[in-house]
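Okay, structure.pdb is below, PDB, C-alpha atoms, pLDDT in the B column:
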```
ATOM      1  CA  ALA A   1       0.000   0.000   0.000  1.00 62.00           C
ATOM      2  CA  GLU A   2       1.059   3.589  -0.520  1.00 67.00           C
ATOM      3  CA  TYR A   3       1.338   5.992   2.426  1.00 73.00           C
ATOM      4  CA  PRO A   4       1.973   9.708   1.819  1.00 74.00           C
ATOM      5  CA  ASP A   5       3.643  10.653   5.133  1.00 78.00           C
ATOM      6  CA  PRO A   6       7.227   9.858   6.240  1.00 84.00           C
ATOM      7  CA  GLU A   7       8.186   6.230   6.855  1.00 84.00           C
ATOM      8  CA  ALA A   8       8.623   6.817  10.595  1.00 86.00           C
ATOM      9  CA  ALA A   9       5.007   7.987  10.887  1.00 87.00           C
ATOM     10  CA  LEU A  10       3.774   4.818   9.186  1.00 83.00           C
ATOM     11  CA  ARG A  11       5.873   2.574  11.413  1.00 82.00           C
ATOM     12  CA  ASP A  12       4.560   4.391  14.485  1.00 85.00           C
ATOM     13  CA  LYS A  13       0.953   3.998  13.337  1.00 82.00           C
ATOM     14  CA  LEU A  14       1.294   0.281  12.562  1.00 80.00           C
ATOM     15  CA  ALA A  15       3.356  -0.630  15.648  1.00 80.00           C
ATOM     16  CA  PRO A  16       0.414  -1.610  17.932  1.00 79.00           C
ATOM     17  CA  ILE A  17      -1.020  -3.908  15.259  1.00 74.00           C
ATOM     18  CA  LEU A  18       2.164  -5.540  14.012  1.00 71.00           C
ATOM     19  CA  SER A  19       3.916  -5.927  17.358  1.00 69.00           C
ATOM     20  CA  GLY A  20       4.541  -9.577  18.117  1.00 62.00           C
ATOM     21  CA  ARG A  21       2.646 -10.821  15.079  1.00 57.00           C
ATOM     22  CA  TYR A  22       4.694  -9.779  12.080  1.00 55.00           C
ATOM     23  CA  GLU A  23       8.235  -8.604  11.441  1.00 58.00           C
ATOM     24  CA  PRO A  24       7.802  -5.520   9.214  1.00 56.00           C
ATOM     25  CA  ASP A  25      11.160  -5.955   7.473  1.00 63.00           C
ATOM     26  CA  ALA A  26      11.186  -9.722   7.064  1.00 62.00           C
ATOM     27  CA  LYS A  27      12.053 -11.528   3.859  1.00 65.00           C
ATOM     28  CA  CYS A  28       9.219 -12.934   1.742  1.00 67.00           C
ATOM     29  CA  ALA A  29       9.093 -16.651   0.966  1.00 64.00           C
ATOM     30  CA  ASP A  30      10.878 -16.044  -2.346  1.00 65.00           C
ATOM     31  CA  GLY A  31      13.703 -14.142  -0.610  1.00 67.00           C
ATOM     32  CA  SER A  32      12.600 -10.691  -1.782  1.00 67.00           C
ATOM     33  CA  PHE A  33      12.098  -7.697   0.515  1.00 66.00           C
ATOM     34  CA  CYS A  34       8.767  -7.826   2.324  1.00 68.00           C
ATOM     35  CA  GLY A  35       8.218  -4.836   4.547  1.00 73.00           C
ATOM     36  CA  ILE A  36       8.177  -1.041   4.762  1.00 78.00           C
ATOM     37  CA  LYS A  37      10.474   1.252   2.790  1.00 79.00           C
ATOM     38  CA  THR A  38      10.455   4.693   1.183  1.00 84.00           C
ATOM     39  CA  GLN A  39      10.408   4.807  -2.613  1.00 85.00           C
ATOM     40  CA  THR A  40       9.847   7.293  -5.406  1.00 86.00           C
ATOM     41  CA  TYR A  41       6.601   7.042  -7.363  1.00 82.00           C
ATOM     42  CA  TRP A  42       8.164   5.061 -10.225  1.00 87.00           C
ATOM     43  CA  GLN A  43      10.086   2.765  -7.887  1.00 87.00           C
ATOM     44  CA  ALA A  44       6.798   2.014  -6.150  1.00 82.00           C
ATOM     45  CA  GLN A  45       5.117   1.307  -9.488  1.00 82.00           C
ATOM     46  CA  LYS A  46       7.838  -1.225 -10.260  1.00 84.00           C
ATOM     47  CA  THR A  47       7.366  -2.833  -6.843  1.00 77.00           C
ATOM     48  CA  LEU A  48       3.617  -3.108  -7.408  1.00 76.00           C
ATOM     49  CA  GLU A  49       3.932  -4.779 -10.819  1.00 77.00           C
ATOM     50  CA  GLU A  50       1.968  -7.999 -10.675  1.00 72.00           C
ATOM     51  CA  LYS A  51       3.021 -11.421 -11.847  1.00 70.00           C
ATOM     52  CA  PRO A  52       1.136 -12.933 -14.820  1.00 69.00           C
ATOM     53  CA  ALA A  53      -2.575 -13.236 -14.158  1.00 66.00           C
ATOM     54  CA  HIS A  54      -3.830 -15.974 -11.888  1.00 63.00           C
ATOM     55  CA  VAL A  55      -6.051 -18.595 -13.451  1.00 84.00           C
ATOM     56  CA  PHE A  56      -9.054 -17.572 -11.337  1.00 91.00           C
ATOM     57  CA  MET A  57      -9.666 -14.664  -9.002  1.00 91.00           C
ATOM     58  CA  GLN A  58     -12.372 -12.647  -7.283  1.00 94.00           C
ATOM     59  CA  GLU A  59     -12.024  -9.172  -5.821  1.00 95.00           C
ATOM     60  CA  LYS A  60     -14.283  -7.177  -3.519  1.00 97.00           C
ATOM     61  CA  SER A  61     -13.547  -3.488  -3.084  1.00 97.00           C
ATOM     62  CA  LEU A  62     -14.742  -0.445  -1.161  1.00 96.00           C
ATOM     63  CA  PHE A  63     -13.995   3.250  -1.583  1.00 96.00           C
ATOM     64  CA  VAL A  64     -13.299   4.252   2.019  1.00 95.00           C
ATOM     65  CA  ARG A  65     -13.566   7.710   3.565  1.00 91.00           C
ATOM     66  CA  ASN A  66     -11.798   6.779   6.799  1.00 89.00           C
ATOM     67  CA  PHE A  67      -9.872   3.745   8.034  1.00 90.00           C
ATOM     68  CA  ASP A  68      -9.151   4.011  11.737  1.00 91.00           C
ATOM     69  CA  ASP A  69      -7.051   1.809  14.014  1.00 91.00           C
ATOM     70  CA  LYS A  70      -9.976  -0.485  14.866  1.00 93.00           C
ATOM     71  CA  ALA A  71     -10.668  -1.150  11.181  1.00 94.00           C
ATOM     72  CA  ILE A  72      -6.980  -1.841  10.521  1.00 92.00           C
ATOM     73  CA  GLU A  73      -6.852  -4.271  13.431  1.00 93.00           C
ATOM     74  CA  ALA A  74     -10.025  -5.986  12.195  1.00 94.00           C
ATOM     75  CA  ALA A  75      -8.486  -6.331   8.717  1.00 94.00           C
ATOM     76  CA  PHE A  76      -5.334  -7.982  10.058  1.00 91.00           C
ATOM     77  CA  ASP A  77      -7.454 -10.225  12.285  1.00 92.00           C
ATOM     78  CA  ARG A  78      -9.388 -11.443   9.218  1.00 92.00           C
ATOM     79  CA  VAL A  79      -6.145 -12.185   7.354  1.00 89.00           C
ATOM     80  CA  TYR A  80      -5.031 -14.509  10.130  1.00 88.00           C
ATOM     81  CA  ARG A  81      -8.363 -16.342   9.865  1.00 90.00           C
ATOM     82  CA  ILE A  82      -8.225 -17.281   6.182  1.00 90.00           C
ATOM     83  CA  PRO A  83      -9.414 -20.919   5.971  1.00 91.00           C
ATOM     84  CA  PHE A  84      -7.001 -22.260   3.338  1.00 85.00           C
ATOM     85  CA  ASN A  85      -3.715 -21.286   1.751  1.00 78.00           C
ATOM     86  CA  THR A  86      -4.486 -22.254  -1.833  1.00 69.00           C
ATOM     87  CA  ASN A  87      -1.904 -22.487  -4.598  1.00 63.00           C
ATOM     88  CA  ASP A  88      -2.191 -18.736  -5.189  1.00 69.00           C
ATOM     89  CA  ASP A  89      -2.117 -15.720  -2.874  1.00 76.00           C
ATOM     90  CA  SER A  90      -5.102 -14.193  -1.127  1.00 85.00           C
ATOM     91  CA  CYS A  91      -4.637 -10.720   0.284  1.00 88.00           C
ATOM     92  CA  PHE A  92      -6.010  -7.276   1.007  1.00 92.00           C
ATOM     93  CA  LYS A  93      -4.663  -4.059  -0.492  1.00 92.00           C
ATOM     94  CA  PHE A  94      -5.018  -0.303  -0.185  1.00 91.00           C
ATOM     95  CA  PHE A  95      -4.839   2.180  -3.059  1.00 92.00           C
ATOM     96  CA  GLN A  96      -4.661   5.838  -2.128  1.00 90.00           C
ATOM     97  CA  THR A  97      -7.406   8.060  -3.549  1.00 92.00           C
ATOM     98  CA  GLY A  98      -8.576  11.556  -2.619  1.00 89.00           C
ATOM     99  CA  GLN A  99      -6.656  14.743  -3.404  1.00 89.00           C
ATOM    100  CA  ALA A 100      -6.600  15.145  -7.238  1.00 90.00           C
ATOM    101  CA  VAL A 101      -9.350  12.523  -7.586  1.00 91.00           C
ATOM    102  CA  ASP A 102     -11.648  14.763  -5.549  1.00 92.00           C
ATOM    103  CA  LYS A 103     -11.130  17.908  -7.619  1.00 93.00           C
ATOM    104  CA  LEU A 104     -14.064  16.808  -9.797  1.00 95.00           C
ATOM    105  CA  ALA A 105     -17.627  16.266  -8.640  1.00 96.00           C
ATOM    106  CA  PRO A 106     -19.234  12.772  -8.812  1.00 95.00           C
ATOM    107  CA  GLY A 107     -21.334  13.785 -11.820  1.00 95.00           C
ATOM    108  CA  ASP A 108     -18.539  15.411 -13.831  1.00 96.00           C
ATOM    109  CA  THR A 109     -17.358  12.138 -15.404  1.00 95.00           C
ATOM    110  CA  ALA A 110     -18.458   8.494 -15.534  1.00 93.00           C
ATOM    111  CA  PHE A 111     -16.271   7.853 -12.468  1.00 95.00           C
ATOM    112  CA  VAL A 112     -18.581   8.605  -9.554  1.00 96.00           C
ATOM    113  CA  HIS A 113     -16.256   7.731  -6.662  1.00 96.00           C
ATOM    114  CA  ARG A 114     -15.218  11.082  -5.203  1.00 94.00           C
ATOM    115  CA  GLY A 115     -14.628  11.996  -1.568  1.00 93.00           C
ATOM    116  CA  SER A 116     -12.739   8.891  -0.418  1.00 93.00           C
ATOM    117  CA  GLN A 117      -9.232   8.489   1.001  1.00 92.00           C
ATOM    118  CA  TRP A 118      -8.587   4.863   0.086  1.00 94.00           C
ATOM    119  CA  LEU A 119      -9.709   2.060  -2.189  1.00 96.00           C
ATOM    120  CA  PHE A 120      -9.727  -1.095  -0.047  1.00 96.00           C
ATOM    121  CA  ASP A 121      -9.594  -4.392  -1.943  1.00 97.00           C
ATOM    122  CA  ILE A 122      -9.795  -8.040  -0.828  1.00 96.00           C
ATOM    123  CA  GLU A 123      -8.523 -10.556  -3.367  1.00 94.00           C
ATOM    124  CA  VAL A 124      -8.893 -14.341  -3.513  1.00 94.00           C
ATOM    125  CA  ASN A 125      -6.975 -16.385  -6.107  1.00 90.00           C
ATOM    126  CA  TRP A 126      -7.020 -20.059  -7.014  1.00 91.00           C
ATOM    127  CA  ASP A 127      -6.094 -22.403  -9.842  1.00 88.00           C
ATOM    128  CA  CYS A 128      -7.350 -25.577 -11.495  1.00 87.00           C
ATOM    129  CA  GLU A 129      -5.821 -27.749  -8.777  1.00 87.00           C
ATOM    130  CA  THR A 130      -7.638 -26.036  -5.891  1.00 89.00           C
ATOM    131  CA  PRO A 131     -10.424 -28.251  -4.436  1.00 92.00           C
ATOM    132  CA  ASN A 132     -13.888 -26.724  -4.619  1.00 93.00           C
ATOM    133  CA  TYR A 133     -14.404 -26.844  -0.842  1.00 93.00           C
ATOM    134  CA  GLN A 134     -11.303 -24.663  -0.385  1.00 92.00           C
ATOM    135  CA  ILE A 135     -12.506 -22.183  -3.010  1.00 93.00           C
ATOM    136  CA  GLN A 136     -15.937 -21.893  -1.401  1.00 94.00           C
ATOM    137  CA  ALA A 137     -14.480 -21.519   2.098  1.00 94.00           C
ATOM    138  CA  ASN A 138     -12.130 -18.742   0.961  1.00 94.00           C
ATOM    139  CA  LEU A 139     -14.915 -16.927  -0.915  1.00 95.00           C
ATOM    140  CA  ALA A 140     -17.054 -17.099   2.233  1.00 96.00           C
ATOM    141  CA  TRP A 141     -14.078 -15.688   4.191  1.00 95.00           C
ATOM    142  CA  GLN A 142     -13.795 -12.882   1.630  1.00 96.00           C
ATOM    143  CA  GLN A 143     -17.493 -12.026   1.925  1.00 96.00           C
ATOM    144  CA  GLU A 144     -17.371 -11.944   5.737  1.00 96.00           C
ATOM    145  CA  PHE A 145     -14.192  -9.834   5.622  1.00 96.00           C
ATOM    146  CA  TYR A 146     -15.861  -7.397   3.206  1.00 96.00           C
ATOM    147  CA  GLN A 147     -19.033  -7.105   5.302  1.00 95.00           C
ATOM    148  CA  LYS A 148     -17.050  -6.599   8.507  1.00 96.00           C
ATOM    149  CA  ILE A 149     -15.034  -3.717   7.069  1.00 95.00           C
ATOM    150  CA  ALA A 150     -18.045  -2.214   5.280  1.00 94.00           C
ATOM    151  CA  GLY A 151     -19.845  -2.093   8.631  1.00 95.00           C
ATOM    152  CA  MET A 152     -16.952  -0.304  10.352  1.00 95.00           C
ATOM    153  CA  VAL A 153     -15.988   2.446   7.891  1.00 94.00           C
ATOM    154  CA  ALA A 154     -17.732   5.153   5.879  1.00 91.00           C
ATOM    155  CA  ASN A 155     -17.659   3.878   2.302  1.00 90.00           C
ATOM    156  CA  SER A 156     -19.120   4.652  -1.093  1.00 87.00           C
ATOM    157  CA  GLY A 157     -19.309   1.862  -3.590  1.00 94.00           C
ATOM    158  CA  SER A 158     -16.914  -0.444  -5.411  1.00 97.00           C
ATOM    159  CA  PHE A 159     -14.354   0.012  -8.181  1.00 97.00           C
ATOM    160  CA  GLN A 160     -15.802  -1.177 -11.488  1.00 96.00           C
ATOM    161  CA  ASN A 161     -12.323  -2.116 -12.735  1.00 94.00           C
ATOM    162  CA  PHE A 162     -12.207  -4.733  -9.955  1.00 94.00           C
ATOM    163  CA  ALA A 163     -15.320  -6.492 -11.212  1.00 93.00           C
ATOM    164  CA  ASP A 164     -17.081  -8.359  -8.404  1.00 95.00           C
ATOM    165  CA  PRO A 165     -19.276 -11.205  -9.689  1.00 93.00           C
ATOM    166  CA  SER A 166     -20.779 -11.702  -6.225  1.00 93.00           C
ATOM    167  CA  LEU A 167     -22.626  -8.363  -6.528  1.00 94.00           C
ATOM    168  CA  ARG A 168     -26.146  -9.219  -7.645  1.00 91.00           C
ATOM    169  CA  ASN A 169     -28.167  -7.516 -10.344  1.00 91.00           C
ATOM    170  CA  GLY A 170     -29.343  -4.246  -8.828  1.00 91.00           C
ATOM    171  CA  GLU A 171     -26.309  -4.067  -6.508  1.00 94.00           C
ATOM    172  CA  TRP A 172     -23.442  -3.635  -8.969  1.00 96.00           C
ATOM    173  CA  GLN A 173     -25.153  -0.795 -10.860  1.00 96.00           C
ATOM    174  CA  LYS A 174     -25.359   1.360  -7.717  1.00 95.00           C
ATOM    175  CA  SER A 175     -22.039   0.187  -6.303  1.00 96.00           C
ATOM    176  CA  TYR A 176     -20.044   0.861  -9.487  1.00 97.00           C
ATOM    177  CA  TYR A 177     -21.826   3.892 -10.944  1.00 97.00           C
ATOM    178  CA  GLY A 178     -24.073   5.467  -8.291  1.00 96.00           C
ATOM    179  CA  ASN A 179     -26.259   8.277  -9.643  1.00 95.00           C
ATOM    180  CA  ASN A 180     -24.368   8.235 -12.945  1.00 97.00           C
ATOM    181  CA  TYR A 181     -25.841   4.906 -14.021  1.00 97.00           C
ATOM    182  CA  SER A 182     -28.918   6.224 -15.845  1.00 96.00           C
ATOM    183  CA  ARG A 183     -26.784   8.741 -17.803  1.00 96.00           C
ATOM    184  CA  LEU A 184     -24.347   5.976 -18.752  1.00 96.00           C
ATOM    185  CA  GLN A 185     -27.268   3.841 -19.965  1.00 96.00           C
ATOM    186  CA  ARG A 186     -28.354   6.665 -22.295  1.00 96.00           C
ATOM    187  CA  ILE A 187     -24.809   7.013 -23.666  1.00 95.00           C
ATOM    188  CA  LYS A 188     -24.627   3.255 -24.145  1.00 95.00           C
ATOM    189  CA  ARG A 189     -27.863   3.239 -26.127  1.00 96.00           C
ATOM    190  CA  ASP A 190     -26.593   6.041 -28.364  1.00 96.00           C
ATOM    191  CA  LEU A 191     -23.105   4.623 -28.991  1.00 96.00           C
ATOM    192  CA  ASP A 192     -23.827   0.874 -28.947  1.00 96.00           C
ATOM    193  CA  PRO A 193     -27.496   0.358 -29.887  1.00 95.00           C
ATOM    194  CA  GLY A 194     -26.859  -3.279 -30.801  1.00 95.00           C
ATOM    195  CA  ASN A 195     -25.216  -4.032 -27.432  1.00 94.00           C
ATOM    196  CA  PHE A 196     -22.072  -5.343 -29.114  1.00 95.00           C
ATOM    197  CA  LEU A 197     -19.919  -4.517 -26.064  1.00 93.00           C
ATOM    198  CA  GLN A 198     -21.458  -6.547 -23.290  1.00 92.00           C
ATOM    199  CA  TYR A 199     -20.777  -8.957 -20.434  1.00 91.00           C
ATOM    200  CA  GLU A 200     -22.573  -9.928 -17.234  1.00 91.00           C
ATOM    201  CA  GLN A 201     -22.166  -6.514 -15.562  1.00 93.00           C
ATOM    202  CA  SER A 202     -22.386  -4.181 -18.547  1.00 88.00           C
TER     203      SER A 202
END
```

Please re-express this file's structure in structure tokens.
Amino acid sequence: AEYPDPEAALRDKLAPILSGRYEPDAKCADGSFCGIKTQTYWQAQKTLEEKPAHVFMQEKSLFVRNFDDKAIEAAFDRVYRIPFNTNDDSCFKFFQTGQAVDKLAPGDTAFVHRGSQWLFDIEVNWDCETPNYQIQANLAWQQEFYQKIAGMVANSGSFQNFADPSLRNGEWQKSYYGNNYSRLQRIKRDLDPGNFLQYEQS
């Protein structure tokens, strides 16, 4: 995750949560650095480059206006409760929003998500070798994790680029597009009257 303040401030903020449970500068399983360090923007982009796509994945995201110490502790608590370590990683991530993102109003563009500080994302990955009972248990863990955090923080919808197939019809429209949805439908009808560009949540 990105953090805009000095490294010392981040370490101080995370100390009560990480103390005794995680070494913040430990090595990852593959021997790479796995902890907290200061980087330039482009160095951080390189660090965040993802490996080739997993075979299967599901994400659930929330645009969050505040994320206090209790919510952070709850998030780490949920991580330690994941039912199964499948052949691919499961994780949660933060993406910083706000600032320049909030210079426009929700109705100025198709992107309605203004007024947040973070995009919070929970990701579950699996492959063809993962037993179905493990997949279902981890997806249930993801849903409970999502609901727990959603109940603790002020939030405003989900990121449409992290498509969430568990959002039902009627939910994803509001969660992705808010009050912009009806305008986007009109544009869609004008530009794609034959519905050539379509999938389950389009």

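Candidate residues A:Glu200, A:Lys93, A:Gln45, A:Thr40 were compared for distance to Arg168 (chain A), and the nearest is A:Glu200, using all atoms listed in the file.
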
- Mind listing as a ChimeraX atom specification all residues within 12 Å of (-18.7, -8.0, 6.7), counting all atoms listed in the file? /A:60-62,71,74-75,78,122,140-153

- Task: Report as a list in words the full result of the PyMOL selection byres ((chain A and resi 127-133) around 6) when it is applied to this structure.
- Result: Val55, Phe56, Trp126, Gln134, Ile135 and Gln136 of chain A

Let's have the selection written as a PDB file, in the coordinates of the input, with C-alpha atoms.
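Saved file again-v7.pdb follows:
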```
ATOM      1  CA  VAL A  55      -6.051 -18.595 -13.451  1.00 84.00           C
ATOM      2  CA  PHE A  56      -9.054 -17.572 -11.337  1.00 91.00           C
ATOM      3  CA  TRP A 126      -7.020 -20.059  -7.014  1.00 91.00           C
ATOM      4  CA  GLN A 134     -11.303 -24.663  -0.385  1.00 92.00           C
ATOM      5  CA  ILE A 135     -12.506 -22.183  -3.010  1.00 93.00           C
ATOM      6  CA  GLN A 136     -15.937 -21.893  -1.401  1.00 94.00           C
TER       7      GLN A 136
END
```

- Message: Considering only C-alpha atoms, can you say which of A:Asp190, A:Glu171, A:Asp121, A:Asp164 comes closest to Val64 (chain A)?
- Response: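 Using only C-alpha atoms, the shortest distance to Val64 (chain A) belongs to A:Asp121.
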
- Message: Which residue is closest to Tyr181 (chain A)? Choose from A:Leu10, A:Val112, A:Ile82, A:Ile17 and count only C-alpha atoms.
- Response: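 So, comparing all the options, the nearest one is A:Val112.
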
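Residue nearest Asn179 (chain A) within the list A:Thr47, A:Asn125, A:Thr109, A:Asn85: A:Thr109 [criterion: smallest interatomic distance, only C-alpha atoms].
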
- Message: I'd like the interatomic distance between CA of Pro165 (chain A) and CA of Cys91 (chain A), to a tenth of an Å.
- Response: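 Atom-to-atom, CA of Pro165 (chain A) to CA of Cys91 (chain A), that is 17.7 Å.
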
- Restricting to all atoms listed in the file, whichever of A:Val124, A:Gly178, A:Ala163, A:Phe63 is closest to Val101 (chain A) is A:Phe63

- Nearest candidate to Lys188 (chain A) (options A:Phe159, A:Ala110, A:Thr38, A:Phe95; using all atoms listed in the file): A:Ala110
